[in-house]
Amino acid sequence: MDLRQLAVVVAVAEEGGFTAAALRLHTVQSTVSTVVRALERDLGTPLFHRTTHRVALTPAGEAFVPAARAALEAVERARAAISPVHGRVRLGLAPGLLLDLHRVLAALRQAHPGLDLEVRQLPADRLGCALAESTVDIVLKVFTRPGFADPRDTAGAKPGSCGAPSPAEGAPDPRTGTGSGGLGSASLPGSSGLVTTPLACEELVLATAPGGSRSAPGDLSGLSLVDFPAGWAIREVVDRAFADRRVSLEADDLTAAASLVRAGLAACVLPASAAARFPEVTARRFAAPPLWQLAASHHEEPPAPVVAVLAHLG
(Lines give C-alpha, C1' and ligand atoms only; values in the text may rest on other atoms or scores of the structure.)
Protein backbone atom coordinates (compact mmCIF):
# COMPACT_ATOMS: atom_id res chain seq x y z
CA MET A 1 0.00 0.00 0.00
CA ASP A 2 1.37 3.41 -0.91
CA LEU A 3 0.29 7.05 -0.80
CA ARG A 4 -0.70 7.08 -4.46
CA GLN A 5 -3.17 4.26 -3.89
CA LEU A 6 -4.65 6.12 -0.92
CA ALA A 7 -5.00 9.31 -2.95
CA VAL A 8 -6.72 7.46 -5.81
CA VAL A 9 -9.23 5.75 -3.51
CA VAL A 10 -10.06 9.03 -1.77
CA ALA A 11 -10.49 10.77 -5.14
CA VAL A 12 -12.89 8.06 -6.40
CA ALA A 13 -14.90 8.27 -3.19
CA GLU A 14 -15.08 12.07 -3.22
CA GLU A 15 -15.74 12.42 -6.95
CA GLY A 16 -18.24 9.57 -7.07
CA GLY A 17 -16.69 7.77 -10.03
CA PHE A 18 -13.54 6.58 -11.74
CA THR A 19 -13.72 8.96 -14.69
CA ALA A 20 -14.20 12.04 -12.51
CA ALA A 21 -11.36 10.89 -10.25
CA ALA A 22 -9.10 10.49 -13.28
CA LEU A 23 -9.83 14.08 -14.34
CA ARG A 24 -9.03 15.32 -10.85
CA LEU A 25 -5.76 13.35 -10.76
CA HIS A 26 -4.75 14.30 -14.34
CA THR A 27 -4.61 10.68 -15.48
CA VAL A 28 -6.82 8.23 -17.39
CA GLN A 29 -9.74 6.17 -16.11
CA SER A 30 -7.99 2.85 -16.79
CA THR A 31 -5.09 3.83 -14.52
CA VAL A 32 -7.47 4.71 -11.68
CA SER A 33 -9.28 1.39 -12.07
CA THR A 34 -6.01 -0.55 -12.10
CA VAL A 35 -4.75 1.16 -8.94
CA VAL A 36 -8.01 0.52 -7.08
CA ARG A 37 -8.15 -3.14 -8.13
CA ALA A 38 -4.54 -3.70 -7.01
CA LEU A 39 -5.28 -2.21 -3.60
CA GLU A 40 -8.45 -4.26 -3.22
CA ARG A 41 -6.44 -7.41 -3.96
CA ASP A 42 -3.90 -6.45 -1.29
CA LEU A 43 -6.67 -5.78 1.23
CA GLY A 44 -8.62 -8.89 0.26
CA THR A 45 -11.92 -7.03 -0.01
CA PRO A 46 -13.68 -4.67 -2.46
CA LEU A 47 -13.83 -1.01 -1.54
CA PHE A 48 -16.46 0.00 -4.12
CA HIS A 49 -19.70 -1.36 -5.52
CA ARG A 50 -19.50 -0.87 -9.30
CA THR A 51 -22.53 -0.61 -11.56
CA THR A 52 -22.98 0.84 -15.02
CA HIS A 53 -24.43 4.03 -13.56
CA ARG A 54 -22.74 4.66 -10.20
CA VAL A 55 -19.91 3.79 -7.86
CA ALA A 56 -20.60 3.45 -4.13
CA LEU A 57 -18.47 2.52 -1.15
CA THR A 58 -18.78 -0.94 0.35
CA PRO A 59 -18.79 -1.26 4.17
CA ALA A 60 -15.05 -1.91 3.94
CA GLY A 61 -14.69 1.23 1.82
CA GLU A 62 -16.70 3.27 4.32
CA ALA A 63 -14.19 2.27 7.00
CA PHE A 64 -11.13 2.64 4.77
CA VAL A 65 -11.64 6.07 3.20
CA PRO A 66 -11.61 8.17 6.42
CA ALA A 67 -8.41 6.41 7.51
CA ALA A 68 -6.84 6.94 4.09
CA ARG A 69 -7.81 10.62 4.13
CA ALA A 70 -6.30 11.01 7.61
CA ALA A 71 -3.07 9.37 6.44
CA LEU A 72 -2.79 11.75 3.49
CA GLU A 73 -3.40 14.74 5.74
CA ALA A 74 -0.71 13.48 8.12
CA VAL A 75 1.75 13.31 5.23
CA GLU A 76 0.93 16.91 4.27
CA ARG A 77 1.52 17.99 7.87
CA ALA A 78 4.87 16.21 7.86
CA ARG A 79 5.83 17.98 4.64
CA ALA A 80 4.73 21.31 6.08
CA ALA A 81 6.99 20.74 9.08
CA ILE A 82 9.94 20.64 6.68
CA SER A 83 8.67 23.32 4.32
CA PRO A 84 5.95 25.63 5.68
CA VAL A 85 5.24 26.87 2.15
CA HIS A 86 2.60 24.80 0.47
CA GLY A 87 -0.18 25.31 -2.04
CA ARG A 88 -0.54 25.62 -5.81
CA VAL A 89 1.13 28.19 -8.05
CA ARG A 90 0.30 28.44 -11.76
CA LEU A 91 3.19 29.74 -13.88
CA GLY A 92 2.56 30.96 -17.42
CA LEU A 93 5.37 31.34 -19.94
CA ALA A 94 6.02 31.29 -23.67
CA PRO A 95 7.74 28.24 -25.20
CA GLY A 96 11.52 28.46 -25.01
CA LEU A 97 11.52 31.18 -22.39
CA LEU A 98 12.84 29.43 -19.26
CA LEU A 99 15.61 27.30 -20.72
CA ASP A 100 16.59 25.78 -17.36
CA LEU A 101 13.03 25.00 -16.28
CA HIS A 102 14.00 21.52 -15.06
CA ARG A 103 16.55 23.00 -12.65
CA VAL A 104 14.04 25.50 -11.30
CA LEU A 105 11.45 22.76 -10.73
CA ALA A 106 13.98 20.47 -9.05
CA ALA A 107 15.18 23.24 -6.73
CA LEU A 108 11.62 24.20 -5.81
CA ARG A 109 10.68 20.60 -5.04
CA GLN A 110 13.71 20.17 -2.82
CA ALA A 111 13.18 23.45 -0.96
CA HIS A 112 9.38 23.33 -0.75
CA PRO A 113 8.03 19.77 -1.08
CA GLY A 114 4.56 21.01 -0.18
CA LEU A 115 4.48 23.42 -3.13
CA ASP A 116 2.58 22.36 -6.26
CA LEU A 117 3.82 24.26 -9.32
CA GLU A 118 1.80 24.04 -12.54
CA VAL A 119 3.58 25.28 -15.68
CA ARG A 120 1.49 26.38 -18.64
CA GLN A 121 3.02 27.29 -21.99
CA LEU A 122 1.05 30.04 -23.68
CA PRO A 123 1.52 32.16 -26.81
CA ALA A 124 3.31 35.38 -25.96
CA ASP A 125 0.24 37.48 -26.81
CA ARG A 126 -1.88 35.49 -24.32
CA LEU A 127 0.35 35.85 -21.27
CA GLY A 128 -0.97 39.23 -20.13
CA CYS A 129 -4.59 38.18 -20.52
CA ALA A 130 -3.99 34.96 -18.58
CA LEU A 131 -2.66 36.95 -15.64
CA ALA A 132 -5.45 39.54 -15.79
CA GLU A 133 -8.02 36.75 -15.93
CA SER A 134 -6.33 34.96 -12.99
CA THR A 135 -5.86 31.72 -14.90
CA VAL A 136 -2.18 31.94 -13.90
CA ASP A 137 -0.52 33.43 -10.81
CA ILE A 138 2.80 34.45 -12.36
CA VAL A 139 3.67 35.36 -15.93
CA LEU A 140 7.26 35.12 -17.14
CA LYS A 141 8.12 37.39 -20.02
CA VAL A 142 11.14 38.92 -21.69
CA PHE A 143 11.86 42.21 -23.38
CA THR A 144 14.95 43.50 -25.13
CA ARG A 145 16.44 46.88 -25.81
CA PRO A 146 20.08 47.61 -26.77
CA GLY A 147 22.32 48.85 -23.99
CA PHE A 148 20.40 49.27 -20.75
CA ALA A 149 21.42 48.18 -17.28
CA ASP A 150 20.07 45.62 -14.87
CA PRO A 151 17.06 47.12 -13.03
CA ARG A 152 18.49 45.70 -9.80
CA ASP A 153 21.78 47.60 -10.24
CA THR A 154 21.47 50.64 -7.97
CA ALA A 155 25.10 51.66 -8.58
CA GLY A 156 24.25 52.90 -12.07
CA ALA A 157 24.49 51.55 -15.56
CA LYS A 158 27.61 51.00 -17.62
CA PRO A 159 27.66 51.11 -21.40
CA GLY A 160 26.40 47.85 -22.82
CA SER A 161 25.34 46.49 -19.43
CA CYS A 162 21.88 45.49 -18.30
CA GLY A 163 19.77 48.24 -16.77
CA ALA A 164 16.32 49.72 -16.22
CA PRO A 165 14.93 51.68 -19.14
CA SER A 166 12.02 53.95 -18.62
CA PRO A 167 8.63 52.76 -19.87
CA ALA A 168 9.02 55.14 -22.79
CA GLU A 169 12.13 53.16 -23.88
CA GLY A 170 10.21 49.92 -24.02
CA ALA A 171 10.50 48.34 -20.57
CA PRO A 172 7.45 47.07 -18.68
CA ASP A 173 5.93 49.67 -16.44
CA PRO A 174 6.93 48.53 -12.91
CA ARG A 175 3.38 48.97 -11.64
CA THR A 176 1.42 47.38 -14.48
CA GLY A 177 3.79 45.03 -16.23
CA THR A 178 3.05 46.75 -19.53
CA GLY A 179 5.23 48.69 -21.90
CA SER A 180 5.93 49.33 -25.55
CA GLY A 181 8.76 47.06 -26.58
CA GLY A 182 8.80 43.35 -25.85
CA LEU A 183 6.89 40.23 -24.99
CA GLY A 184 3.80 40.85 -22.99
CA SER A 185 4.02 44.52 -23.80
CA ALA A 186 0.41 45.04 -24.87
CA SER A 187 -1.88 46.78 -22.42
CA LEU A 188 -3.27 44.31 -19.89
CA PRO A 189 -7.05 44.35 -19.44
CA GLY A 190 -7.72 45.33 -15.85
CA SER A 191 -4.00 45.50 -15.13
CA SER A 192 -4.37 47.62 -11.99
CA GLY A 193 -2.79 45.93 -9.02
CA LEU A 194 -0.12 44.10 -11.02
CA VAL A 195 3.59 44.47 -10.47
CA THR A 196 6.64 43.33 -12.39
CA THR A 197 9.69 41.82 -10.70
CA PRO A 198 12.92 41.94 -12.76
CA LEU A 199 14.82 38.64 -12.89
CA ALA A 200 17.92 37.53 -14.80
CA CYS A 201 19.42 39.76 -17.45
CA GLU A 202 22.08 38.76 -19.98
CA GLU A 203 23.34 39.53 -23.47
CA LEU A 204 22.23 37.93 -26.67
CA VAL A 205 25.20 36.50 -28.58
CA LEU A 206 25.71 35.04 -32.04
CA ALA A 207 26.52 31.33 -31.90
CA THR A 208 28.59 30.17 -34.88
CA ALA A 209 30.67 27.16 -35.91
CA PRO A 210 33.89 26.59 -33.93
CA GLY A 211 36.73 29.04 -34.46
CA GLY A 212 36.77 32.46 -36.02
CA SER A 213 36.32 35.91 -34.55
CA ARG A 214 34.80 36.51 -31.13
CA SER A 215 33.01 39.60 -32.45
CA ALA A 216 29.60 39.44 -34.12
CA PRO A 217 28.71 41.63 -37.09
CA GLY A 218 26.14 44.31 -36.46
CA ASP A 219 24.26 43.42 -39.64
CA LEU A 220 23.00 39.83 -39.84
CA SER A 221 21.14 40.19 -43.16
CA GLY A 222 23.87 38.35 -45.08
CA LEU A 223 24.05 35.35 -42.74
CA SER A 224 22.25 32.04 -42.88
CA LEU A 225 20.46 31.76 -39.55
CA VAL A 226 18.66 29.04 -37.62
CA ASP A 227 15.84 30.18 -35.38
CA PHE A 228 12.93 28.78 -33.43
CA PRO A 229 9.25 28.61 -34.46
CA ALA A 230 6.99 31.64 -34.20
CA GLY A 231 5.63 31.90 -30.67
CA TRP A 232 8.88 30.89 -29.01
CA ALA A 233 10.26 33.52 -26.65
CA ILE A 234 13.71 33.58 -28.26
CA ARG A 235 12.19 34.03 -31.71
CA GLU A 236 10.03 36.96 -30.55
CA VAL A 237 13.02 38.75 -29.01
CA VAL A 238 15.40 38.16 -31.92
CA ASP A 239 12.72 39.25 -34.40
CA ARG A 240 12.61 42.59 -32.64
CA ALA A 241 16.37 42.99 -32.27
CA PHE A 242 17.23 41.96 -35.87
CA ALA A 243 14.18 42.67 -38.01
CA ASP A 244 16.13 42.50 -41.28
CA ARG A 245 17.73 39.10 -40.76
CA ARG A 246 16.95 36.08 -42.94
CA VAL A 247 15.89 32.85 -41.24
CA SER A 248 17.08 29.91 -43.32
CA LEU A 249 16.28 27.08 -40.91
CA GLU A 250 13.92 26.51 -37.99
CA ALA A 251 14.40 24.12 -35.07
CA ASP A 252 12.02 23.41 -32.19
CA ASP A 253 14.78 22.24 -29.87
CA LEU A 254 17.85 24.03 -28.48
CA THR A 255 20.13 21.02 -28.99
CA ALA A 256 19.00 20.63 -32.61
CA ALA A 257 19.74 24.31 -33.27
CA ALA A 258 23.20 23.95 -31.72
CA SER A 259 23.90 20.91 -33.92
CA LEU A 260 23.12 22.92 -37.04
CA VAL A 261 25.41 25.69 -35.82
CA ARG A 262 28.23 23.26 -34.96
CA ALA A 263 28.00 21.75 -38.45
CA GLY A 264 28.51 25.19 -40.00
CA LEU A 265 25.08 25.20 -41.63
CA ALA A 266 23.85 28.36 -39.92
CA ALA A 267 24.42 30.78 -37.07
CA CYS A 268 21.96 31.34 -34.22
CA VAL A 269 21.23 34.27 -31.90
CA LEU A 270 20.88 32.99 -28.33
CA PRO A 271 21.05 34.18 -24.73
CA ALA A 272 24.67 33.89 -23.58
CA SER A 273 23.84 31.22 -20.99
CA ALA A 274 22.18 29.07 -23.66
CA ALA A 275 25.18 29.34 -25.99
CA ALA A 276 27.49 28.44 -23.07
CA ARG A 277 25.84 25.02 -22.84
CA PHE A 278 27.53 24.10 -26.09
CA PRO A 279 31.29 24.72 -25.69
CA GLU A 280 31.90 23.34 -29.19
CA VAL A 281 30.33 26.46 -30.76
CA THR A 282 31.75 29.96 -30.75
CA ALA A 283 29.77 32.66 -28.94
CA ARG A 284 30.41 35.98 -30.68
CA ARG A 285 29.52 39.21 -28.87
CA PHE A 286 27.77 42.14 -30.47
CA ALA A 287 29.28 45.62 -30.14
CA ALA A 288 25.92 46.90 -28.84
CA PRO A 289 24.39 43.68 -27.54
CA PRO A 290 20.63 43.27 -27.37
CA LEU A 291 19.58 41.97 -23.98
CA TRP A 292 17.59 39.00 -22.76
CA GLN A 293 15.83 40.47 -19.72
CA LEU A 294 13.46 38.19 -17.86
CA ALA A 295 10.70 39.62 -15.70
CA ALA A 296 7.89 38.12 -13.67
CA SER A 297 4.51 39.84 -13.51
CA HIS A 298 2.15 39.04 -10.67
CA HIS A 299 -0.49 40.57 -8.45
CA GLU A 300 0.45 42.92 -5.64
CA GLU A 301 1.01 41.42 -2.20
CA PRO A 302 1.39 37.85 -3.51
CA PRO A 303 0.79 34.92 -1.14
CA ALA A 304 3.70 32.92 0.31
CA PRO A 305 3.69 30.21 -2.42
CA VAL A 306 4.05 32.84 -5.15
CA VAL A 307 6.83 34.59 -3.20
CA ALA A 308 8.67 31.26 -2.91
CA VAL A 309 8.48 30.67 -6.66
CA LEU A 310 9.64 34.22 -7.42
CA ALA A 311 12.65 33.71 -5.14
CA HIS A 312 13.74 30.66 -7.15
CA LEU A 313 13.08 32.33 -10.48
CA GLY A 314 15.27 35.24 -9.44
# chains A, B, ... in the order shown; residues from 1 in each chain; ligands from 1

call {"tool": "closest_atom_pairs", "arguments": {"of": "stretch 16-99 of chain A", "to": "stretch 279-302 of chain A", "cutoff": "12 Å", "atoms": "only C-alpha atoms", "output": "Markdown table"}}
result
| residue | atom | partner | partner_atom | distance |
| --- | --- | --- | --- | --- |
| A:Val89 | CA | A:Pro302 | CA | 10.7 |
| A:Arg90 | CA | A:His298 | CA | 10.8 |
| A:Leu91 | CA | A:Ala296 | CA | 9.6 |
| A:Gly92 | CA | A:Ala296 | CA | 9.7 |
| A:Leu93 | CA | A:Ala296 | CA | 9.6 |
| A:Ala94 | CA | A:Leu294 | CA | 11.7 |
| A:Leu97 | CA | A:Leu294 | CA | 8.6 |
| A:Leu98 | CA | A:Leu294 | CA | 8.9 |
| A:Leu99 | CA | A:Leu294 | CA | 11.5 |

call {"tool": "write_last_selection", "arguments": {"atoms": "N, CA, C and O atoms", "output": "PDB file, in the first residue's frame"}}
result
ATOM      1  N   VAL A  89       0.769  26.995  -7.308  1.00  0.00           N
ATOM      2  CA  VAL A  89       1.135  28.192  -8.053  1.00  0.00           C
ATOM      3  C   VAL A  89       1.110  27.844  -9.532  1.00  0.00           C
ATOM      4  O   VAL A  89       1.698  26.850  -9.964  1.00  0.00           O
ATOM      5  N   ARG A  90       0.403  28.660 -10.325  1.00  0.00           N
ATOM      6  CA  ARG A  90       0.302  28.440 -11.765  1.00  0.00           C
ATOM      7  C   ARG A  90       1.201  29.442 -12.476  1.00  0.00           C
ATOM      8  O   ARG A  90       1.013  30.645 -12.345  1.00  0.00           O
ATOM      9  N   LEU A  91       2.193  28.923 -13.202  1.00  0.00           N
ATOM     10  CA  LEU A  91       3.189  29.738 -13.876  1.00  0.00           C
ATOM     11  C   LEU A  91       2.941  29.704 -15.375  1.00  0.00           C
ATOM     12  O   LEU A  91       2.890  28.630 -15.984  1.00  0.00           O
ATOM     13  N   GLY A  92       2.767  30.866 -15.986  1.00  0.00           N
ATOM     14  CA  GLY A  92       2.562  30.964 -17.425  1.00  0.00           C
ATOM     15  C   GLY A  92       3.803  31.504 -18.107  1.00  0.00           C
ATOM     16  O   GLY A  92       4.411  32.477 -17.638  1.00  0.00           O
ATOM     17  N   LEU A  93       4.204  30.873 -19.191  1.00  0.00           N
ATOM     18  CA  LEU A  93       5.370  31.336 -19.937  1.00  0.00           C
ATOM     19  C   LEU A  93       5.257  30.919 -21.395  1.00  0.00           C
ATOM     20  O   LEU A  93       4.533  29.990 -21.733  1.00  0.00           O
ATOM     21  N   ALA A  94       5.985  31.628 -22.252  1.00  0.00           N
ATOM     22  CA  ALA A  94       6.016  31.293 -23.666  1.00  0.00           C
ATOM     23  C   ALA A  94       6.999  30.152 -23.897  1.00  0.00           C
ATOM     24  O   ALA A  94       7.965  29.995 -23.145  1.00  0.00           O
ATOM     25  N   LEU A  97      11.146  30.028 -23.194  1.00  0.00           N
ATOM     26  CA  LEU A  97      11.523  31.184 -22.389  1.00  0.00           C
ATOM     27  C   LEU A  97      12.437  30.800 -21.235  1.00  0.00           C
ATOM     28  O   LEU A  97      13.508  31.357 -21.069  1.00  0.00           O
ATOM     29  N   LEU A  98      12.040  29.828 -20.417  1.00  0.00           N
ATOM     30  CA  LEU A  98      12.837  29.428 -19.260  1.00  0.00           C
ATOM     31  C   LEU A  98      13.623  28.185 -19.649  1.00  0.00           C
ATOM     32  O   LEU A  98      13.160  27.058 -19.513  1.00  0.00           O
ATOM     33  N   LEU A  99      14.838  28.389 -20.137  1.00  0.00           N
ATOM     34  CA  LEU A  99      15.607  27.299 -20.720  1.00  0.00           C
ATOM     35  C   LEU A  99      16.084  26.291 -19.683  1.00  0.00           C
ATOM     36  O   LEU A  99      16.380  25.154 -20.010  1.00  0.00           O
TER      37      LEU A  99
END

call {"tool": "closest_residue", "arguments": {"among": "A:Val28, A:Ala68, A:Ala78, A:Val55", "to": "A:Ala7", "atoms": "only C-alpha atoms"}}
result
A:Ala68

call {"tool": "residues_around", "arguments": {"residues": "A:Asp227", "least_positions_apart": "4", "cutoff": "9 Å", "atoms": "only C-alpha atoms", "output": "list in words"}}
result
Ile234, Arg235, Val238, Val247, Ser248, Leu249, Glu250, Ala251, Asp252, Ala257, Ala267, Cys268 and Val269 of chain A

call {"tool": "write_last_selection", "arguments": {"atoms": "N, CA and C atoms", "output": "tab-separated table (two decimals), in the first residue's frame"}}
result
chain	number	residue	atom	x	y	z
A	234	ILE	N	12.48	33.13	-27.61
A	234	ILE	CA	13.71	33.58	-28.26
A	234	ILE	C	13.41	34.17	-29.63
A	235	ARG	N	12.53	33.54	-30.37
A	235	ARG	CA	12.19	34.03	-31.71
A	235	ARG	C	11.59	35.43	-31.63
A	238	VAL	N	14.45	37.97	-30.82
A	238	VAL	CA	15.40	38.16	-31.92
A	238	VAL	C	14.72	38.84	-33.11
A	247	VAL	N	15.91	34.14	-41.91
A	247	VAL	CA	15.89	32.85	-41.24
A	247	VAL	C	15.88	31.75	-42.29
A	248	SER	N	16.97	30.98	-42.33
A	248	SER	CA	17.08	29.91	-43.32
A	248	SER	C	16.53	28.59	-42.81
A	249	LEU	N	16.67	28.35	-41.51
A	249	LEU	CA	16.28	27.08	-40.91
A	249	LEU	C	15.51	27.35	-39.62
A	250	GLU	N	14.61	26.44	-39.27
A	250	GLU	CA	13.92	26.51	-37.99
A	250	GLU	C	14.15	25.20	-37.25
A	251	ALA	N	14.26	25.30	-35.93
A	251	ALA	CA	14.40	24.12	-35.07
A	251	ALA	C	13.55	24.34	-33.84
A	252	ASP	N	12.87	23.28	-33.38
A	252	ASP	CA	12.02	23.41	-32.19
A	252	ASP	C	12.69	22.83	-30.96
A	257	ALA	N	19.21	23.05	-32.73
A	257	ALA	CA	19.74	24.31	-33.27
A	257	ALA	C	21.25	24.36	-33.13
A	267	ALA	N	24.13	30.17	-38.36
A	267	ALA	CA	24.42	30.78	-37.07
A	267	ALA	C	23.10	30.93	-36.31
A	268	CYS	N	23.18	31.24	-35.02
A	268	CYS	CA	21.96	31.34	-34.22
A	268	CYS	C	22.16	32.39	-33.13
A	269	VAL	N	21.19	33.28	-32.97
A	269	VAL	CA	21.23	34.27	-31.90
A	269	VAL	C	20.58	33.66	-30.66

call {"tool": "select_by_dssp", "arguments": {"residues": "stretch 209-310 of chain A", "states": "alpha helix (DSSP H)", "output": "PyMOL selection string"}}
result
chain A and resi 233-241+254-262+272-275+304-310

call {"tool": "residues_around", "arguments": {"residues": "A:Ala233", "least_positions_apart": "5", "cutoff": "8 Å", "atoms": "only C-alpha atoms", "output": "list in words"}}
result
Ala94, Pro95, Gly96, Leu97, Ala124, Lys141, Val142 and Leu183 of chain A

call {"tool": "atom_distance", "arguments": {"atom1": "atom CA of A:Leu127", "atom2": "atom CA of A:Leu23"}}
result
25.0 Å
